[in-house]
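Just below is one structure, and these are the notes that go with it.
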Amino acid sequence: MKKEDKTKNEIINLKTVSKYYNMGETIVKAVDGIDISIKEGDFVAIMGPSGSGKSTSMNLVGSLDMPTQGHIFLDGEDISELAESDLAQIRGKKIGFIFQNFNLIPNLTVKENVMLPMMFQGTDVYEREAVAEELLKKVDLGDRMDHYPNQISGGQMQRVAIARALANDPEVILADEPTGNLDTKTGEKVMEFLQQLNKEGKTIIMVTHEPELAEAYARKVYWLRDGKVEKVTHKRKGFKVVEEERDLIKKHKENSNKGKRGK
Amino acid sequence: MLRDYFTLSFKNLKHRGIRSWLTLLGIFIGIAAVVALITLGNGLQAAVGAQFGVSSTEVITVQAGGLNSYGPPGSGAVVPLIVGDVEAIGKLSTVVRALRRNLPSGRLEFNDKVIFGSVMSMPDGEDREYAYDTLELEVEVGRLLKDGDNNKIMLGYNFYADKVGLEKAIKVGDKVSIQGGSSAQRDYEIIGIAKKKGSLVFDNVVYMNEKPLEDLMGYGDNVDLIVVQVKSEDLMDKTKEDIEKLLRKRRNVKEGEENFEVSTPDAMMATVNTVLNGVQAFIIIIASISIIVGAIGIVNTMTTSVLERRKEIGIMKAIGAKNEHIFMQFLVESGLMGLIGGAVGAMVGMIVGIVGTMGIGNFIGSNIPLAISWWLIIFSLIGSFVIGAVAGIAPAMQAAKQNPVDALRG
């Protein structure tokens, strides 16, 4: 396995990565030569309206998908050289996923859902139970452990998903529109959890089309448009958004609304 | 890890709809048929064996063969066996005794009704004891015949149970009138009723001492059947050959053209077993077809399940499941489906087998030992799991090779 010359604390690095889809006769360039570098302990947002290549980028960043061109380094390892099955093992250990629609397994209880990622890493069952219980208490669901996903609310489901994402103590949490299916108040609670995790040292990558969310929580934002990185902005000291970013946010909001109407 | 697959599979199966369970009918029927059949095996053999009325394995029977061998033993014989044959066989070195048996037909009158049936001769003295032993003859009521019972008879169980067409159950002490051949009709007192034997011959027969029967029927020296007691089981084949040799000489026939038949219990049971094996083969073919149909059903259900649970597969892969995890998960689930079908089938088959054996036992009036084979149960459970798992291989592979991104999209 090739080791990449990297700055010491770079956890995910996409180097001129492209992903093309063959749709019959036309080739769709979902992502076209993007560079994304995510450092340990950072809170990064990937922003963009629908059709900007946001979802594809998330799949690539989360090593769920392989690039057509370019290299993806996960903790220094070039994953484009790995078989999908081996990649799953590494992914399960290093990245915790949180999805917009929670994606809990309906036939399993809350606790069993949280235990599942540990099962795939070969953790023994007693440890799995202990860790799952601890994590669920952490997300304030200690009293819902034996409920099934359809017996709890959306906000609670997303907190289960957070607990599940943390099960293998990964370095990175990848959240895909984590508040997309939640009302503002429960959404805020979920975001607070993410922020708390970031303070505890976890790297958070959030994919969103809501500029306000990126504005409020992320320290570094990748703005995507038409499969390319349009701009990278950094949050200044004191968490103030500079004027230039405000314009970008406004522009993206319009675009994203347009995109929504288009659907 | 294996335990985890089973736990997860149980959880998933619990949420399956009735459609999935219906596809298990094939496995269920197949396993139930096989288990029931094998459990019934003892009972079936006992039931057919009971028709011979003889349980001893050291007995050879000899009868004259004729053009018509469908009637009672010896009845259609062109050249009947005679008393001299009985005596000659009795003198063979490997033979303990040779018994003369006659089984003529007669006309029986009682309660102003007339039936036709067979009368069986009972020998005197020591031979009588032996005959009672080998025939396992005991009385339900009254007593057995003994030497000197000239105007007395014993009846088969069906007379007592009023199943012979006399429209009145016969009791000990009643008198019946029997007419044989062309000779006169005589009255006989009933002194006993034999216990139920489950044999159409023995339960419908009239037992009479040799002497009065010969007087009544007038068959002279003719013998219908010779029952030969052999010194030991090892000598059965040799004795059979010796008897055949002796009778060929006495009856002046060449080898291969015998007009008589010497049979051992082994040979009789072999005939029975041939029939039973045929029945078993037929049922096993049906069972196999059911199981194949059931397996195809599982393939179908599992394939549907893989399609329905694409998203779940995507989630599992996203949170770290390798291809082999997904494969094993679906394989175990499929195996469990087969196992559940097989377990229910084995249980039902067992119940059918036990009830059936008891039913047969009740019919032939004796206790048939139940042949419950735990190996059979274990084997059918493992077998049905394997069938399920094999049926699940293709769907499980299909599940495992799903691309996580596509699968997550659902």
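Chain identifiers are assigned as A, B, and so on, following the order in which chains appear in the structure tokens; residues are numbered from 1 within each chain, and ligands are numbered from 1 in order of appearance.
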
Next on the checklist: I need the strand (DSSP E) residues of stretch 177-349 of chain B per DSSP on the backbone, written as a VMD selection string.
Outcome noted: chain B and resid 177 to 180 185 to 194 206 to 209 222 to 223 225 to 230 260 to 263

Only N, CA and C atoms, please: the residues just picked out, written as a PDB file, in the first residue's frame.
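Heads up, here's the output in again-v4.pdb:
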ATOM      1  N   SER B 177     -73.065 -75.167  14.493  1.00  0.00           N
ATOM      2  CA  SER B 177     -73.071 -76.376  13.689  1.00  0.00           C
ATOM      3  C   SER B 177     -72.165 -76.166  12.481  1.00  0.00           C
ATOM      4  N   ILE B 178     -71.303 -77.156  12.223  1.00  0.00           N
ATOM      5  CA  ILE B 178     -70.366 -77.034  11.113  1.00  0.00           C
ATOM      6  C   ILE B 178     -70.557 -78.206  10.170  1.00  0.00           C
ATOM      7  N   GLN B 179     -70.543 -77.910   8.901  1.00  0.00           N
ATOM      8  CA  GLN B 179     -70.658 -78.950   7.897  1.00  0.00           C
ATOM      9  C   GLN B 179     -69.450 -78.830   6.981  1.00  0.00           C
ATOM     10  N   GLY B 180     -68.759 -79.975   6.780  1.00  0.00           N
ATOM     11  CA  GLY B 180     -67.569 -79.923   5.934  1.00  0.00           C
ATOM     12  C   GLY B 180     -67.717 -80.875   4.781  1.00  0.00           C
ATOM     13  N   GLN B 185     -73.509 -82.872   9.052  1.00  0.00           N
ATOM     14  CA  GLN B 185     -73.367 -81.679   9.860  1.00  0.00           C
ATOM     15  C   GLN B 185     -73.277 -82.076  11.323  1.00  0.00           C
ATOM     16  N   ARG B 186     -72.371 -81.415  12.086  1.00  0.00           N
ATOM     17  CA  ARG B 186     -72.268 -81.747  13.506  1.00  0.00           C
ATOM     18  C   ARG B 186     -72.285 -80.487  14.354  1.00  0.00           C
ATOM     19  N   ASP B 187     -72.721 -80.665  15.602  1.00  0.00           N
ATOM     20  CA  ASP B 187     -72.749 -79.522  16.529  1.00  0.00           C
ATOM     21  C   ASP B 187     -71.498 -79.512  17.390  1.00  0.00           C
ATOM     22  N   TYR B 188     -70.999 -78.316  17.672  1.00  0.00           N
ATOM     23  CA  TYR B 188     -69.785 -78.183  18.491  1.00  0.00           C
ATOM     24  C   TYR B 188     -70.008 -77.120  19.554  1.00  0.00           C
ATOM     25  N   GLU B 189     -69.431 -77.385  20.710  1.00  0.00           N
ATOM     26  CA  GLU B 189     -69.543 -76.411  21.792  1.00  0.00           C
ATOM     27  C   GLU B 189     -68.317 -75.507  21.783  1.00  0.00           C
ATOM     28  N   ILE B 190     -68.535 -74.227  21.984  1.00  0.00           N
ATOM     29  CA  ILE B 190     -67.405 -73.291  22.000  1.00  0.00           C
ATOM     30  C   ILE B 190     -66.826 -73.236  23.405  1.00  0.00           C
ATOM     31  N   ILE B 191     -65.500 -73.500  23.466  1.00  0.00           N
ATOM     32  CA  ILE B 191     -64.884 -73.489  24.788  1.00  0.00           C
ATOM     33  C   ILE B 191     -63.922 -72.303  24.956  1.00  0.00           C
ATOM     34  N   GLY B 192     -63.671 -71.575  23.905  1.00  0.00           N
ATOM     35  CA  GLY B 192     -62.775 -70.418  24.067  1.00  0.00           C
ATOM     36  C   GLY B 192     -62.744 -69.527  22.839  1.00  0.00           C
ATOM     37  N   ILE B 193     -62.368 -68.296  23.078  1.00  0.00           N
ATOM     38  CA  ILE B 193     -62.192 -67.328  21.983  1.00  0.00           C
ATOM     39  C   ILE B 193     -60.738 -66.860  22.034  1.00  0.00           C
ATOM     40  N   ALA B 194     -60.065 -66.923  20.891  1.00  0.00           N
ATOM     41  CA  ALA B 194     -58.660 -66.501  20.865  1.00  0.00           C
ATOM     42  C   ALA B 194     -58.555 -64.980  20.942  1.00  0.00           C
ATOM     43  N   VAL B 206     -61.763 -71.137  12.652  1.00  0.00           N
ATOM     44  CA  VAL B 206     -62.286 -72.028  13.696  1.00  0.00           C
ATOM     45  C   VAL B 206     -61.174 -73.021  14.029  1.00  0.00           C
ATOM     46  N   TYR B 207     -60.830 -73.151  15.313  1.00  0.00           N
ATOM     47  CA  TYR B 207     -59.799 -74.101  15.708  1.00  0.00           C
ATOM     48  C   TYR B 207     -60.469 -75.394  16.182  1.00  0.00           C
ATOM     49  N   MET B 208     -59.986 -76.528  15.639  1.00  0.00           N
ATOM     50  CA  MET B 208     -60.579 -77.809  16.035  1.00  0.00           C
ATOM     51  C   MET B 208     -59.454 -78.830  16.154  1.00  0.00           C
ATOM     52  N   ASN B 209     -59.585 -79.771  17.070  1.00  0.00           N
ATOM     53  CA  ASN B 209     -58.559 -80.806  17.197  1.00  0.00           C
ATOM     54  C   ASN B 209     -58.480 -81.628  15.914  1.00  0.00           C
ATOM     55  N   ASN B 222     -54.335 -86.526   3.517  1.00  0.00           N
ATOM     56  CA  ASN B 222     -53.871 -85.271   2.908  1.00  0.00           C
ATOM     57  C   ASN B 222     -53.510 -84.227   3.953  1.00  0.00           C
ATOM     58  N   VAL B 223     -52.484 -83.463   3.629  1.00  0.00           N
ATOM     59  CA  VAL B 223     -51.995 -82.413   4.526  1.00  0.00           C
ATOM     60  C   VAL B 223     -51.950 -81.105   3.743  1.00  0.00           C
ATOM     61  N   LEU B 225     -50.580 -78.173   5.064  1.00  0.00           N
ATOM     62  CA  LEU B 225     -49.425 -77.355   5.414  1.00  0.00           C
ATOM     63  C   LEU B 225     -48.590 -78.122   6.422  1.00  0.00           C
ATOM     64  N   ILE B 226     -47.271 -78.102   6.216  1.00  0.00           N
ATOM     65  CA  ILE B 226     -46.402 -78.713   7.214  1.00  0.00           C
ATOM     66  C   ILE B 226     -45.598 -77.599   7.882  1.00  0.00           C
ATOM     67  N   VAL B 227     -45.684 -77.570   9.194  1.00  0.00           N
ATOM     68  CA  VAL B 227     -44.908 -76.575   9.943  1.00  0.00           C
ATOM     69  C   VAL B 227     -43.707 -77.284  10.542  1.00  0.00           C
ATOM     70  N   VAL B 228     -42.514 -76.821  10.211  1.00  0.00           N
ATOM     71  CA  VAL B 228     -41.297 -77.502  10.634  1.00  0.00           C
ATOM     72  C   VAL B 228     -40.541 -76.636  11.631  1.00  0.00           C
ATOM     73  N   GLN B 229     -40.260 -77.202  12.803  1.00  0.00           N
ATOM     74  CA  GLN B 229     -39.432 -76.478  13.760  1.00  0.00           C
ATOM     75  C   GLN B 229     -37.981 -76.925  13.569  1.00  0.00           C
ATOM     76  N   VAL B 230     -37.103 -75.959  13.376  1.00  0.00           N
ATOM     77  CA  VAL B 230     -35.698 -76.262  13.104  1.00  0.00           C
ATOM     78  C   VAL B 230     -34.906 -76.079  14.395  1.00  0.00           C
ATOM     79  N   PHE B 260     -44.202 -77.927  -5.053  1.00  0.00           N
ATOM     80  CA  PHE B 260     -44.397 -77.624  -3.622  1.00  0.00           C
ATOM     81  C   PHE B 260     -43.537 -76.408  -3.290  1.00  0.00           C
ATOM     82  N   GLU B 261     -43.763 -75.884  -2.124  1.00  0.00           N
ATOM     83  CA  GLU B 261     -43.065 -74.657  -1.776  1.00  0.00           C
ATOM     84  C   GLU B 261     -42.585 -74.730  -0.336  1.00  0.00           C
ATOM     85  N   VAL B 262     -41.297 -74.501  -0.150  1.00  0.00           N
ATOM     86  CA  VAL B 262     -40.741 -74.489   1.199  1.00  0.00           C
ATOM     87  C   VAL B 262     -40.362 -73.047   1.509  1.00  0.00           C
ATOM     88  N   SER B 263     -40.991 -72.447   2.523  1.00  0.00           N
ATOM     89  CA  SER B 263     -40.639 -71.045   2.786  1.00  0.00           C
ATOM     90  C   SER B 263     -40.189 -70.825   4.214  1.00  0.00           C
TER      91      SER B 263
END

Hey, could you make a per-residue contact list for chain A against chain B with 9 Å as the cut-off, showing the nearest pair of atoms and its distance in Å to one decimal, counting only C-alpha atoms, sorted by chain and number, as a Markdown table?
| residue | atom | partner | partner_atom | distance |
| --- | --- | --- | --- | --- |
| A:Asn59 | CA | B:Val405 | CA | 7.1 |
| A:Gly62 | CA | B:Ala318 | CA | 8.6 |
| A:Ser63 | CA | B:Ala318 | CA | 8.9 |
| A:Leu64 | CA | B:Val405 | CA | 6.2 |
| A:Asp65 | CA | B:Val405 | CA | 6.5 |
| A:Glu84 | CA | B:Lys322 | CA | 8.1 |
| A:Ser85 | CA | B:Lys322 | CA | 4.8 |
| A:Asp86 | CA | B:Lys322 | CA | 6.7 |
| A:Leu87 | CA | B:Lys322 | CA | 8.1 |
| A:Ala88 | CA | B:Gly320 | CA | 4.7 |
| A:Gln89 | CA | B:Gly320 | CA | 5.0 |
| A:Ile90 | CA | B:Gly320 | CA | 7.2 |
| A:Arg91 | CA | B:Gly320 | CA | 5.9 |
| A:Gly92 | CA | B:Gly320 | CA | 3.6 |
| A:Lys93 | CA | B:Gly320 | CA | 7.0 |
| A:Ile95 | CA | B:Ile319 | CA | 8.0 |
| A:Gly96 | CA | B:Ile319 | CA | 6.9 |
| A:Phe97 | CA | B:Ile319 | CA | 7.0 |
| A:Asn103 | CA | B:Ile315 | CA | 6.6 |
| A:Leu104 | CA | B:Ile315 | CA | 7.8 |
| A:Ile105 | CA | B:Glu312 | CA | 6.4 |
| A:Pro106 | CA | B:Glu312 | CA | 8.8 |
| A:Asn107 | CA | B:Asn12 | CA | 6.0 |
| A:Leu108 | CA | B:Lys11 | CA | 7.1 |
| A:Leu116 | CA | B:Ile319 | CA | 8.0 |
| A:Pro117 | CA | B:Ile319 | CA | 5.4 |
| A:Met118 | CA | B:Gly320 | CA | 8.5 |
| A:Met119 | CA | B:Met1 | CA | 7.5 |
| A:Phe120 | CA | B:Ala321 | CA | 5.4 |
| A:Gln121 | CA | B:Gly320 | CA | 7.4 |
| A:Gly122 | CA | B:Met1 | CA | 7.2 |
| A:Asp124 | CA | B:Met1 | CA | 8.3 |
| A:Val125 | CA | B:Asp4 | CA | 8.5 |
| A:Arg164 | CA | B:Ile319 | CA | 8.6 |
| A:Ala165 | CA | B:Ile319 | CA | 7.8 |

Mind checking which residues fall within 8 Å of B:Pro104, counting only C-alpha atoms, ignoring those fewer than 3 positions away in the same chain, and posting them as a PDB file with C-alpha atoms, in the first residue's frame?
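Output file part.pdb follows:
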ATOM      1  CA  SER B  75     -56.184 -75.906  -1.473  1.00  0.00           C
ATOM      2  CA  SER B 118     -61.739 -72.128   7.330  1.00  0.00           C
ATOM      3  CA  VAL B 119     -61.195 -74.600  10.101  1.00  0.00           C
ATOM      4  CA  MET B 120     -57.681 -75.062  11.412  1.00  0.00           C
ATOM      5  CA  GLY B 180     -67.569 -79.923   5.934  1.00  0.00           C
ATOM      6  CA  MET B 217     -64.038 -83.354   6.679  1.00  0.00           C
TER       7      MET B 217
END

Checklist entry - If you count only C-alpha atoms, which residues fall within 8 Å of stretch 175-186 of chain A, apart from same-chain ones fewer than 2 positions away, as a ChimeraX atom specification? => result /A:58,97-101,154-155,158,173,188-191,204-209

Item to check | Backbone DSSP call of helix (DSSP H, G or I) for stretch 98-308 of chain B, listed as a PyMOL selection string | outcome: chain B and resi 125-135+157-160+202-204+210-217+233-251+265-308
